Structures are given as structure tokens and as C-alpha cells.
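Asks: Here you go, final36.cif (mmCIF, N, CA and C atoms):
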data_structure
#
loop_
_atom_site.label_atom_id
_atom_site.label_comp_id
_atom_site.auth_asym_id
_atom_site.auth_seq_id
_atom_site.Cartn_x
_atom_site.Cartn_y
_atom_site.Cartn_z
N MET R 1 378.61 48.64 15.61
CA MET R 1 379.73 49.40 15.13
C MET R 1 380.95 49.00 15.94
N LEU R 2 381.68 48.09 15.44
CA LEU R 2 382.87 47.65 16.15
C LEU R 2 384.06 48.48 15.70
N TRP R 3 384.25 49.57 16.38
CA TRP R 3 385.32 50.52 16.06
C TRP R 3 386.50 50.21 16.97
N PRO R 4 387.65 49.84 16.42
CA PRO R 4 388.78 49.44 17.24
C PRO R 4 389.51 50.61 17.91
N GLY R 5 389.34 51.82 17.41
CA GLY R 5 390.02 52.99 17.98
C GLY R 5 389.29 53.46 19.23
N GLY R 6 389.38 54.59 19.63
CA GLY R 6 388.59 55.09 20.74
C GLY R 6 387.51 56.01 20.21
N TYR R 7 386.75 56.53 21.13
CA TYR R 7 385.67 57.43 20.76
C TYR R 7 386.21 58.68 20.06
N ARG R 8 387.28 59.24 20.58
CA ARG R 8 387.83 60.47 19.98
C ARG R 8 388.31 60.24 18.55
N ARG R 9 388.94 59.11 18.31
CA ARG R 9 389.37 58.81 16.94
C ARG R 9 388.17 58.64 16.02
N TRP R 10 387.12 58.01 16.54
CA TRP R 10 385.91 57.85 15.74
C TRP R 10 385.30 59.21 15.42
N LEU R 11 385.27 60.09 16.42
CA LEU R 11 384.69 61.41 16.23
C LEU R 11 385.45 62.20 15.17
N VAL R 12 386.76 62.23 15.25
CA VAL R 12 387.57 62.96 14.28
C VAL R 12 387.37 62.38 12.88
N ARG R 13 387.39 61.07 12.78
CA ARG R 13 387.22 60.44 11.47
C ARG R 13 385.83 60.72 10.91
N SER R 14 384.81 60.64 11.74
CA SER R 14 383.44 60.88 11.28
C SER R 14 383.26 62.32 10.81
N LEU R 15 383.82 63.26 11.53
CA LEU R 15 383.73 64.65 11.10
C LEU R 15 384.47 64.87 9.79
N ARG R 16 385.63 64.25 9.67
CA ARG R 16 386.40 64.37 8.43
C ARG R 16 385.63 63.75 7.26
N GLU R 17 384.96 62.64 7.51
CA GLU R 17 384.22 61.97 6.45
C GLU R 17 382.90 62.66 6.10
N SER R 18 382.55 63.68 6.84
CA SER R 18 381.33 64.43 6.50
C SER R 18 381.62 65.51 5.45
N THR R 19 382.89 65.81 5.22
CA THR R 19 383.22 66.88 4.27
C THR R 19 382.78 66.61 2.84
N PRO R 20 382.77 65.36 2.35
CA PRO R 20 382.30 65.17 0.97
C PRO R 20 380.86 65.62 0.76
N PHE R 21 380.01 65.44 1.78
CA PHE R 21 378.62 65.89 1.65
C PHE R 21 378.56 67.41 1.49
N ALA R 22 379.34 68.11 2.31
CA ALA R 22 379.35 69.57 2.23
C ALA R 22 379.95 70.03 0.90
N ARG R 23 381.01 69.37 0.47
CA ARG R 23 381.63 69.73 -0.81
C ARG R 23 380.67 69.50 -1.97
N GLU R 24 379.95 68.38 -1.92
CA GLU R 24 378.99 68.07 -2.97
C GLU R 24 377.87 69.11 -3.03
N ALA R 25 377.42 69.56 -1.87
CA ALA R 25 376.39 70.60 -1.83
C ALA R 25 376.91 71.90 -2.41
N ALA R 26 378.14 72.26 -2.07
CA ALA R 26 378.72 73.50 -2.58
C ALA R 26 378.88 73.46 -4.10
N VAL R 27 379.32 72.33 -4.62
CA VAL R 27 379.48 72.20 -6.07
C VAL R 27 378.12 72.29 -6.75
N ALA R 28 377.13 71.62 -6.18
CA ALA R 28 375.78 71.67 -6.77
C ALA R 28 375.24 73.09 -6.78
N LEU R 29 375.46 73.84 -5.72
CA LEU R 29 375.00 75.23 -5.68
C LEU R 29 375.73 76.07 -6.71
N ARG R 30 377.03 75.83 -6.83
CA ARG R 30 377.83 76.59 -7.80
C ARG R 30 377.34 76.34 -9.22
N HIS R 31 376.88 75.12 -9.48
CA HIS R 31 376.40 74.77 -10.81
C HIS R 31 374.88 74.93 -10.94
N ARG R 32 374.31 75.62 -9.98
CA ARG R 32 372.87 75.93 -9.98
C ARG R 32 372.00 74.68 -10.08
N ARG R 33 372.32 73.72 -9.21
CA ARG R 33 371.52 72.50 -9.11
C ARG R 33 371.00 72.40 -7.67
N PRO R 34 369.98 73.20 -7.35
CA PRO R 34 369.51 73.25 -5.96
C PRO R 34 368.97 71.92 -5.43
N ALA R 35 368.35 71.10 -6.29
CA ALA R 35 367.84 69.81 -5.81
C ALA R 35 368.99 68.91 -5.37
N ASP R 36 370.08 68.91 -6.13
CA ASP R 36 371.25 68.12 -5.75
C ASP R 36 371.88 68.65 -4.47
N ALA R 37 371.89 69.96 -4.32
CA ALA R 37 372.44 70.57 -3.10
C ALA R 37 371.60 70.17 -1.89
N ARG R 38 370.27 70.22 -2.03
CA ARG R 38 369.40 69.83 -0.91
C ARG R 38 369.61 68.37 -0.53
N LEU R 39 369.78 67.52 -1.52
CA LEU R 39 370.01 66.10 -1.24
C LEU R 39 371.32 65.91 -0.47
N ALA R 40 372.38 66.55 -0.93
CA ALA R 40 373.67 66.43 -0.23
C ALA R 40 373.57 66.99 1.19
N LEU R 41 372.86 68.10 1.35
CA LEU R 41 372.71 68.69 2.68
C LEU R 41 371.84 67.82 3.58
N THR R 42 370.91 67.09 3.01
CA THR R 42 370.09 66.17 3.80
C THR R 42 370.96 65.05 4.35
N PHE R 43 371.83 64.49 3.51
CA PHE R 43 372.76 63.47 3.99
C PHE R 43 373.68 64.04 5.07
N LEU R 44 374.19 65.25 4.84
CA LEU R 44 375.07 65.88 5.82
C LEU R 44 374.36 66.09 7.14
N ARG R 45 373.13 66.56 7.09
CA ARG R 45 372.36 66.79 8.32
C ARG R 45 372.17 65.49 9.09
N GLY R 46 371.83 64.40 8.38
CA GLY R 46 371.67 63.11 9.05
C GLY R 46 372.96 62.60 9.65
N TRP R 47 374.04 62.76 8.91
CA TRP R 47 375.36 62.33 9.38
C TRP R 47 375.74 63.08 10.66
N LEU R 48 375.57 64.40 10.62
CA LEU R 48 375.92 65.21 11.79
C LEU R 48 374.97 64.96 12.96
N ALA R 49 373.71 64.63 12.67
CA ALA R 49 372.76 64.30 13.75
C ALA R 49 373.22 63.04 14.48
N GLY R 50 373.73 62.07 13.74
CA GLY R 50 374.24 60.86 14.38
C GLY R 50 375.45 61.15 15.26
N ILE R 51 376.34 61.99 14.77
CA ILE R 51 377.51 62.38 15.56
C ILE R 51 377.06 63.12 16.82
N TRP R 52 376.11 64.04 16.66
CA TRP R 52 375.60 64.81 17.80
C TRP R 52 374.96 63.90 18.84
N ARG R 53 374.23 62.88 18.36
CA ARG R 53 373.58 61.96 19.29
C ARG R 53 374.62 61.23 20.12
N LEU R 54 375.72 60.82 19.49
CA LEU R 54 376.77 60.15 20.26
C LEU R 54 377.49 61.10 21.20
N LEU R 55 377.63 62.36 20.80
CA LEU R 55 378.25 63.34 21.69
C LEU R 55 377.46 63.50 22.98
N ARG R 56 376.14 63.45 22.86
CA ARG R 56 375.26 63.66 24.01
C ARG R 56 374.96 62.38 24.78
N ALA R 57 375.37 61.24 24.26
CA ALA R 57 375.03 59.95 24.85
C ALA R 57 375.81 59.67 26.12
N ASP R 58 375.25 58.76 26.90
CA ASP R 58 375.92 58.27 28.09
C ASP R 58 377.25 57.63 27.70
N ARG R 59 378.27 57.89 28.45
CA ARG R 59 379.62 57.42 28.11
C ARG R 59 379.70 55.90 27.99
N ASP R 60 379.08 55.19 28.92
CA ASP R 60 379.13 53.72 28.88
C ASP R 60 378.38 53.17 27.67
N TRP R 61 377.23 53.76 27.37
CA TRP R 61 376.45 53.33 26.21
C TRP R 61 377.25 53.56 24.93
N ARG R 62 377.86 54.72 24.86
CA ARG R 62 378.66 55.07 23.69
C ARG R 62 379.84 54.10 23.53
N ALA R 63 380.52 53.79 24.62
CA ALA R 63 381.66 52.88 24.57
C ALA R 63 381.22 51.49 24.11
N ALA R 64 380.08 51.02 24.60
CA ALA R 64 379.58 49.71 24.19
C ALA R 64 379.18 49.72 22.72
N LEU R 65 378.56 50.79 22.28
CA LEU R 65 378.13 50.89 20.89
C LEU R 65 379.32 50.88 19.95
N LEU R 66 380.37 51.58 20.30
CA LEU R 66 381.53 51.68 19.44
C LEU R 66 382.48 50.49 19.60
N GLY R 67 382.15 49.57 20.48
CA GLY R 67 382.99 48.40 20.64
C GLY R 67 384.26 48.67 21.41
N SER R 68 384.28 49.76 22.16
CA SER R 68 385.47 50.13 22.90
C SER R 68 385.29 49.98 24.41
N ALA R 69 384.32 49.20 24.80
CA ALA R 69 384.08 49.03 26.23
C ALA R 69 385.25 48.28 26.85
N ARG R 70 385.68 48.73 27.99
CA ARG R 70 386.79 48.07 28.68
C ARG R 70 386.24 46.89 29.48
N PRO R 71 386.95 45.78 29.47
CA PRO R 71 386.48 44.63 30.26
C PRO R 71 386.53 44.95 31.75
N VAL R 72 385.56 44.46 32.45
CA VAL R 72 385.52 44.66 33.91
C VAL R 72 386.36 43.57 34.55
N ARG R 73 387.31 43.99 35.35
CA ARG R 73 388.16 43.03 36.05
C ARG R 73 387.50 42.63 37.36
N PRO R 74 387.47 41.34 37.63
CA PRO R 74 386.88 40.90 38.91
C PRO R 74 387.67 41.49 40.07
N GLY R 75 386.94 42.00 41.06
CA GLY R 75 387.57 42.68 42.17
C GLY R 75 388.03 41.81 43.22
#
With the file now loaded, output its structure as C-alpha cells.
Replies:
Amino acid sequence: MLWPGGYRRWLVRSLRESTPFAREAAVALRHRRPADARLALTFLRGWLAGIWRLLRADRDWRAALLGSARPVRPG
């Protein structure tokens, strides 16, 4: 995941991009389509689990994963 922004920008964008899953589940429930709602909620749960995993991750590991690791300057 080569994310050019920082971790915080990634986090905000990822949370914002999770809203379609929640919206889709709400629409499915409103139209009495529980199977579609469960499917949308399953995607939402997986999406949020990934975000949660990065929240709890080691800072250096997270920075390397997101492609935002700072180069080490020779001392």
C-alpha cells in the first residue's frame, strides 16, 4: 500500500470510504432485504477490522506498510 499522504490522511479517507457499506446496509434493511444488509455489514466489518488493526499496529510497521517511512539519515 503505497500511500503518499500520512497515516492520519489514510485513516480519515478510509473511514470516509467505509460509509457506502453502511449506507448500503441501511437501504437494504429499509427495503426488507436482510441478506443484502448482512452482506454489506460483512464488508463493513472487514473494512473496519483492517483500520482497527492498523490503529493498534506498531508505528514503524504501519509507516512502512503505508509507504510513509522516513528515510534514515546517516549519523
Asks: Which residues are near segment 42-46 of chain R? Cut-off 6.5 Å, all atoms listed in the file, ignore same chain within fewer than 4 positions. Put them as number ranges by chain.
Replies: R: 18, 21-22, 37-38, 50-51
Asks: State, in Å with one decimal place, the distance from atom CA of Arg53 of chain R to atom CA of Leu39 of chain R.
Replies: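 According to the coordinates, atom CA of Arg53 of chain R and atom CA of Leu39 of chain R are separated by 21.2 Å.
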Asks: To one decimal in Å, tell me the separation between atom CA of Val12 of chain R and atom CA of Asp36 of chain R.
Replies: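 Pair atom CA of Val12 of chain R / atom CA of Asp36 of chain R returns 26.3 Å.
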Asks: Rounded to one decimal place, report the atom N of Thr19 of chain R-atom CA of Ala64 of chain R distance in Å.
Replies: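 Computed distance, atom N of Thr19 of chain R to atom CA of Ala64 of chain R, equals 25.1 Å.
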Asks: Using all atoms listed in the file, can you tell me which of R:Trp47, R:His31, R:Leu55, R:Leu66 comes closest to Ser14 of chain R?
Replies: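 So, comparing all the options, the nearest one is R:Trp47.
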Asks: Provide an axis-aligned box for all listed atoms of segment 26-45 of chain R, padding each side by 6 Å; report its centre and its edge lengths in Å to one decimal, as JSON.
Replies:
{"center_x": 373.7, "center_y": 70.0, "center_z": -0.9, "size_x": 23.6, "size_y": 25.1, "size_z": 32.0}
Asks: Per DSSP on the backbone, what are the alpha helix (DSSP H) residues of chain R, as a ChimeraX atom specification?
Replies: /R:7-16,19-30,34-56,59-65
